[in-house]
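> One structure, pasted below without further comment.
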Amino acid sequence: MTGAIGKPVLRKEDARLLTGKGQFTDDANAPGQVHSVMVRSPHSHARILGIDTAAAMAMPGTLAVYSGIDCAADGLGAIPHSPLPKTQHDLKLTGPGGSHVFIGPHMALPADKARHVGEAVAMVIAETKSQALDAAELVRVDYEPLPHNSDALAAAQSAQPSVWDELPGNVCVDSVFGDVAATDAAFAAAKHVVSAAFHIGRVTGVPIEPRAALAIYDKGSGRTTIHAGSGGAVRQKHEIAEVLGEDPANIRVLSFDVGGNFGTRNRVYVEVVLVAWAAKKLGRPVKFTAERTESFLSDYQGRDLYTSVQLALDARGQFLGMRADNISNQGARAVSFSPIAKGSNLITGNYRIPVATIRARAVFTNTMPTQAYRSSGRPEVTYAMERLVELAAQKLDMDPVELRRRNLIAEDEMPYANPLGMIYDSGDYRKCITMALARADWSGIDARRAEAEACGQLLGVGFASYVESSIGTPLEQARITVTEEDRIDVVIGTQPSGQGHETSFAQVAAEWLGVPVENVAIRIGDTDVVQVGGGSHSGRSMRMAGTVIVLAADDLIKKGKTVAADVLEVAESDVEFLDGQFRVIGTDRSIDWFELAGRTDAGTLEVIRANEMQTPVFPNGCHICEVELDPETGATKLTRYTAIDDVGRAINPMIVHGQTHGAVAQGLGQAMLESCVVDPGTGQVLTGSLMDYGLPRAADVPSFNVALNEVLSPTNPLGIKAGGEGGTTVSPVAYTNAVLDALKDFGVSDIPMPLTPHRIWRAIRGTA
């Protein structure tokens, strides 16, 4: 073995990306291409009475203007989002009264109604983008504005305008999970009951590369090639084919470098389908590139959960039971129910809570559709749980860290079944706390608090533990090919968007095959090459890809022994594999991979291996956030941040730490600045640009103090859990707890995210 696993190998892809040699979607161009622009609804809810295209068609360079009627005439189907989670361990969601979940069709262009501001209602195609923009201004859509609803809590609790005529109440999911009777009994026996309600607001991904697509139709072969960055090219290929009514063999998707995802690109967008359809109709390549404002109006968004929670405790602070009522804002389309499902089964966090009950609802509103956004549903329930623990500690007059320790699941209880049926694979939650306290210099807090007070500042410390889950599409495939050119190609179906797959996957293959990492090349993103794969989401990539690479490598070693025995003219039982060499036992005769490949008729050695993993894993950790707050202005400075995470085995600790840095910053963005705001009276989006939507910058965060507590998972041969989502799961509540700790003498018990200086200032003034 090369010892590649566990080493901070420098990222192989960085040289390409940092020198402008990346292959992003908008970099792709084709001879004779034309440009498309979408006409978008200015109304949050309106009936489409007609579309007048005459003036637009008369503009120079205009080639076509298409509407929902044209799509229907050509038989375009709905996008098959398949929004209900389907693995063996996902909670089985139902509609009200146990009915089937209503899923309204997501058509490429609607022919009946616009259901949110920014929804595409027509597509203009012209020779140049500027000509398409000019023509789009002249498309006249006759709208009949309709009443709208934008708030999920209101939509779930009272009569609101229906997004879908077929669903008058707007509630598409209404399920209850857990043991209701046992939970009621636990609350009846409790000495203390702590209740709270929170709204974890809506955010958007703001990828550095706005979404784009280029479609090229070849009349001779009947095939369409589509450049479109996403979280998984294979899934896109099949979904696009279904909408177009095409044989998937006639669709090729190219998705190489992706400039930002976090879930926002994991489901097909209408523009990708439309350019593919239009390219065939016009016989010319058609390109679409979104403007930044279009992204704010039509990217799939994240979060937006109302949660009401209760915790039952005995006199000693032991947790006895929990209740939750969660309402998820689905937006106007059923793109994914993952957030409500995946959050529901982890409401109890990493605590020993014997019984729990949750009512899980999803509601349609006239807003952008929501989707599984980084850590899908877990930041919301972690926020509720960790705020609830803080409130319980206050009520019982206990140290909140001690209250957590008292109720954490112990390592020797693993595997542990939580009351919603999730079986935690492994973890030492108490060690995470011990490590975090030491690295955060917990004993020095009083001294730092005094120093801050001497400068007129308030110091606050936020503490939070978490557990999250990783399941994801269970099937993955690897094809490993050894060539005589000293290269090993690994074809894999996950899709990176900055995670370092080309390096960390190569480390796994290099370790198992006994070759230098430089000799391994990872191939992704072309569906003519990658034919099976679940993409990159749900923290699945390293675990799914790493496992199937190991299994394929074992197959390749077995095959290599057979070939080596023939080449070396010995019995196969006399051949051993060690450090990249096939050796004749007891002699100095050997042959390496590349020479062996050259001795075959094909000049290569190749295996293909598929693997399905249904068992989830449960990354976990403890984060501590420290802030200094100016009570005169509400301005808050984040001064320290400590993160201890258990990701199972870390294949490349440097890459894992980088993922932690990004994940923490992303979660802090929601806690400090980020919020998608819709005017409740008009349904208009008030955060439609980077002038309105705040993002954290480098100066807003400190140098993160990160470390790993590697407790291997027994569910896969590498012991991997997941390392990309933990920081986002816990940092919003860690920051919130820190700010509220700073304000404890003012009696401030809650401030909704984002905790802007103005909101903090108002909270102080409201209690002064």
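Just so we're on the same page: first chain in the structure tokens is A, next is B, and so on; residues restart at 1 for each chain, and ligands are numbered from 1 in the order they show up.
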Dump as a tab-separated table the rows for residues of range 104-178 of chain A within 10 Å of range 344-353 of chain A: closest atom pair and distance in Å with one decimal, only C-alpha atoms counted, ordered by chain and rising residue number.

residue	atom	partner	partner_atom	distance
A:Val176	CA	A:Ser344	CA	9.7
A:Phe177	CA	A:Ser344	CA	8.3
A:Gly178	CA	A:Asn345	CA	9.2
> Point out the residue among A:Asp134, A:Glu271, A:Glu511, A:Glu144 with the least atom-to-atom distance to Ile226 in chain A, counting only C-alpha atoms.
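Of A:Asp134, A:Glu271, A:Glu511, A:Glu144, the one nearest Ile226 in chain A, counting only C-alpha atoms, is A:Glu271.
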> Pick out the residues sitting within 10 Å of Gly514 in chain A, and hand them over as an NGL selection string; count only C-alpha atoms, and ignore anything fewer than 3 positions along from it in its own chain.
:A and (1-4 or 508-511 or 517 or 577-581 or 592-593)
> Can you write just those residues out, N, CA and C atoms, as a tab-separated table (two decimals), in the first residue's frame?

chain	number	residue	atom	x	y	z
A	1	MET	N	0.84	-1.20	0.00
A	1	MET	CA	0.00	0.00	0.00
A	1	MET	C	0.88	1.25	0.00
A	2	THR	N	0.34	2.32	-0.57
A	2	THR	CA	1.12	3.56	-0.71
A	2	THR	C	0.97	4.48	0.49
A	3	GLY	N	-0.01	4.21	1.35
A	3	GLY	CA	-0.24	5.11	2.47
A	3	GLY	C	-0.88	6.41	2.04
A	4	ALA	N	-1.60	6.41	0.91
A	4	ALA	CA	-2.20	7.64	0.41
A	4	ALA	C	-3.38	8.09	1.25
A	508	VAL	N	-7.87	7.01	-2.77
A	508	VAL	CA	-8.42	5.70	-2.45
A	508	VAL	C	-7.92	4.65	-3.44
A	509	ALA	N	-8.02	4.97	-4.73
A	509	ALA	CA	-7.57	4.02	-5.75
A	509	ALA	C	-6.07	3.76	-5.62
A	510	ALA	N	-5.30	4.81	-5.38
A	510	ALA	CA	-3.85	4.65	-5.26
A	510	ALA	C	-3.49	3.77	-4.07
A	511	GLU	N	-4.19	3.96	-2.97
A	511	GLU	CA	-3.93	3.15	-1.77
A	511	GLU	C	-4.19	1.68	-2.04
A	517	VAL	N	-0.37	8.50	-6.35
A	517	VAL	CA	-1.61	9.23	-6.62
A	517	VAL	C	-1.57	9.88	-7.99
A	577	PHE	N	-0.07	-10.22	-4.48
A	577	PHE	CA	-0.06	-8.81	-4.84
A	577	PHE	C	0.41	-8.00	-3.64
A	578	LEU	N	1.42	-7.17	-3.86
A	578	LEU	CA	1.98	-6.38	-2.77
A	578	LEU	C	2.59	-5.10	-3.32
A	579	ASP	N	2.14	-3.96	-2.79
A	579	ASP	CA	2.72	-2.65	-3.15
A	579	ASP	C	2.75	-2.41	-4.65
A	580	GLY	N	1.65	-2.72	-5.31
A	580	GLY	CA	1.55	-2.43	-6.73
A	580	GLY	C	2.25	-3.42	-7.63
A	581	GLN	N	2.75	-4.51	-7.07
A	581	GLN	CA	3.48	-5.52	-7.84
A	581	GLN	C	2.82	-6.88	-7.67
A	592	ASP	N	4.63	-5.11	-12.63
A	592	ASP	CA	3.74	-4.09	-12.08
A	592	ASP	C	2.49	-3.95	-12.96
A	593	TRP	N	1.58	-3.07	-12.53
A	593	TRP	CA	0.30	-2.91	-13.21
A	593	TRP	C	0.47	-2.52	-14.68
> Write out as a ChimeraX atom specification the set of residues from range 172-246 of chain A that DSSP, computed on the backbone, places in alpha helix (DSSP H).
/A:180-189,233-244
> I need the residue nearest Met542 in chain A from this list: A:Met59, A:Ala213, A:Ala78, A:Val656. Use only C-alpha atoms for the distance.
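Going through A:Met59, A:Ala213, A:Ala78, A:Val656 one by one, the smallest distance to Met542 in chain A is for A:Val656.
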> Taking into account only C-alpha atoms, which residue in the set A:His199, A:Lys281, A:Arg762, A:Lys191 is nearest to Asp151 in chain A?
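The shortest atom-to-atom distance to Asp151 in chain A comes from A:His199.
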> Please build the interface table for range 27-118 of chain A against range 407-420 of chain A with a cut-off of 12 Å, listing for each qualifying residue the nearest atom pair and the distance in Å to one decimal; count only C-alpha atoms, order rows by chain and increasing number, and write it as CSV.

residue,atom,partner,partner_atom,distance
A:His89,CA,A:Leu420,CA,10.4
A:Asp90,CA,A:Leu420,CA,10.4
A:Leu91,CA,A:Leu420,CA,8.7
A:Lys92,CA,A:Leu420,CA,11.7
> Keeping only C-alpha atoms, write the selected residues as a tab-separated table (two decimals), in the first residue's frame.

chain	number	residue	atom	x	y	z
A	89	HIS	CA	-34.48	4.27	5.83
A	90	ASP	CA	-36.35	7.39	4.73
A	91	LEU	CA	-39.57	8.25	6.53
A	92	LYS	CA	-42.57	7.45	4.34
> What lies within 7 Å of Trp761 in chain A using only C-alpha atoms, ignoring chain neighbours under 4 positions off, as a list in words?
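Final neighbour list, sorted by chain and number: Thr633, Gly634, Pro757 and Arg765 of chain A.
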> Compare A:Met654, A:Ala197, A:Ala56, A:Ala707 by their minimum atom-to-atom distance to Pro8 in chain A, counting only C-alpha atoms, and give me the closest one.
A:Met654
> Calculated over only C-alpha atoms, which of the candidates A:Met322, A:Val739, A:Val530, A:Ala58 has the smallest distance to His192 in chain A?
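Distance minimum relative to His192 in chain A lands on A:Met322.
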> Near Arg540 in chain A, counting only C-alpha atoms, which residues have an atom at most 7 Å away, once you skip same-chain residues fewer than 3 positions from it, shown as a ChimeraX atom specification?
/A:470-472,536-537,543-544,722
> Could you tell me, as a PyMOL selection string, which residues of range 421-665 of chain A DSSP assigns to strand (DSSP E or B) when given the backbone?
chain A and resi 423-424+458-467+470+475-483+487-492+520-523+526+575-578+581-584+590-592+604-612+617+620-629+636-646+648
> For CA of Cys622 in chain A and CA of Leu391 in chain A, determine how far apart the two atoms are, in Å to one decimal place.
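Distance reported for this atom pair: 18.3 Å.
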> From the list A:Thr682, A:Leu596, A:Arg697, A:Gly263, which residue is nearest Ile557 in chain A when using only C-alpha atoms?
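Smallest separation from Ile557 in chain A among the options: A:Leu596.
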> For the atom pair CA of Ile200 in chain A and CA of His623 in chain A, what is the interatomic distance in Å to one decimal place?
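Atom-to-atom, CA of Ile200 in chain A to CA of His623 in chain A, that is 19.1 Å.
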> List as a short mmCIF file (atom, residue, chain, number, x, y, z; two decimals) with C-alpha atoms, in the first residue's frame the protein and nucleic acid residues near range 665-677 of chain A, meaning an atom at most 6 Å away when only C-alpha atoms are counted, but skip any in the same chain fewer than 2 places from it.

data_model
loop_
_atom_site.label_atom_id
_atom_site.label_comp_id
_atom_site.auth_asym_id
_atom_site.auth_seq_id
_atom_site.Cartn_x
_atom_site.Cartn_y
_atom_site.Cartn_z
CA ARG A 202 -35.31 30.95 3.56
CA VAL A 203 -31.90 31.30 1.91
CA GLY A 662 -16.81 26.41 3.81
CA ALA A 663 -19.68 24.66 5.56
CA LEU A 686 -37.30 42.11 -2.07
CA THR A 687 -33.92 40.36 -2.21
CA GLY A 694 -26.11 39.77 2.34
CA LEU A 695 -23.27 37.24 2.12
CA PRO A 696 -20.41 36.72 4.58
CA THR A 728 -23.61 24.05 7.97
CA SER A 731 -22.99 26.81 12.90
CA PRO A 732 -26.30 28.76 12.71
CA MET A 753 -32.07 34.71 12.12
CA PRO A 754 -30.38 36.53 10.59
CA LEU A 755 -29.11 38.23 13.74
CA THR A 756 -28.33 41.53 12.09
#
> Skipping near chain neighbours, those fewer than 5 positions away, what residues fall within 12 Å of Gln88 in chain A using only C-alpha atoms, listed as a PyMOL selection string?
chain A and resi 421-422+471-474+612-616
> Could you write those residues out with N, CA and C atoms, as a PDB file, in the first residue's frame?

ATOM      1  N   GLY A 421     -36.589   5.790  14.706  1.00  0.00           N
ATOM      2  CA  GLY A 421     -36.179   4.608  13.965  1.00  0.00           C
ATOM      3  C   GLY A 421     -34.846   4.702  13.257  1.00  0.00           C
ATOM      4  N   MET A 422     -34.118   5.811  13.385  1.00  0.00           N
ATOM      5  CA  MET A 422     -32.796   5.921  12.769  1.00  0.00           C
ATOM      6  C   MET A 422     -31.763   5.257  13.661  1.00  0.00           C
ATOM      7  N   ILE A 471     -27.373   9.543   3.489  1.00  0.00           N
ATOM      8  CA  ILE A 471     -27.878   8.358   2.797  1.00  0.00           C
ATOM      9  C   ILE A 471     -27.620   8.580   1.307  1.00  0.00           C
ATOM     10  N   GLY A 472     -28.524   9.287   0.652  1.00  0.00           N
ATOM     11  CA  GLY A 472     -28.319   9.591  -0.767  1.00  0.00           C
ATOM     12  C   GLY A 472     -28.678   8.422  -1.661  1.00  0.00           C
ATOM     13  N   THR A 473     -28.726   8.709  -2.964  1.00  0.00           N
ATOM     14  CA  THR A 473     -29.009   7.669  -3.950  1.00  0.00           C
ATOM     15  C   THR A 473     -28.071   6.485  -3.718  1.00  0.00           C
ATOM     16  N   PRO A 474     -28.617   5.285  -3.519  1.00  0.00           N
ATOM     17  CA  PRO A 474     -27.768   4.200  -3.005  1.00  0.00           C
ATOM     18  C   PRO A 474     -26.858   3.528  -4.027  1.00  0.00           C
ATOM     19  N   GLU A 612     -24.556  -1.084  -4.173  1.00  0.00           N
ATOM     20  CA  GLU A 612     -25.690  -0.370  -3.592  1.00  0.00           C
ATOM     21  C   GLU A 612     -25.547  -0.336  -2.090  1.00  0.00           C
ATOM     22  N   MET A 613     -25.668   0.860  -1.505  1.00  0.00           N
ATOM     23  CA  MET A 613     -25.545   1.028  -0.053  1.00  0.00           C
ATOM     24  C   MET A 613     -26.802   1.714   0.468  1.00  0.00           C
ATOM     25  N   GLN A 614     -27.586   0.992   1.228  1.00  0.00           N
ATOM     26  CA  GLN A 614     -28.833   1.533   1.768  1.00  0.00           C
ATOM     27  C   GLN A 614     -28.680   2.031   3.206  1.00  0.00           C
ATOM     28  N   THR A 615     -27.597   1.647   3.863  1.00  0.00           N
ATOM     29  CA  THR A 615     -27.453   1.955   5.285  1.00  0.00           C
ATOM     30  C   THR A 615     -26.911   3.366   5.482  1.00  0.00           C
ATOM     31  N   PRO A 616     -27.601   4.197   6.248  1.00  0.00           N
ATOM     32  CA  PRO A 616     -27.115   5.562   6.478  1.00  0.00           C
ATOM     33  C   PRO A 616     -25.966   5.602   7.478  1.00  0.00           C
TER      34      PRO A 616
END
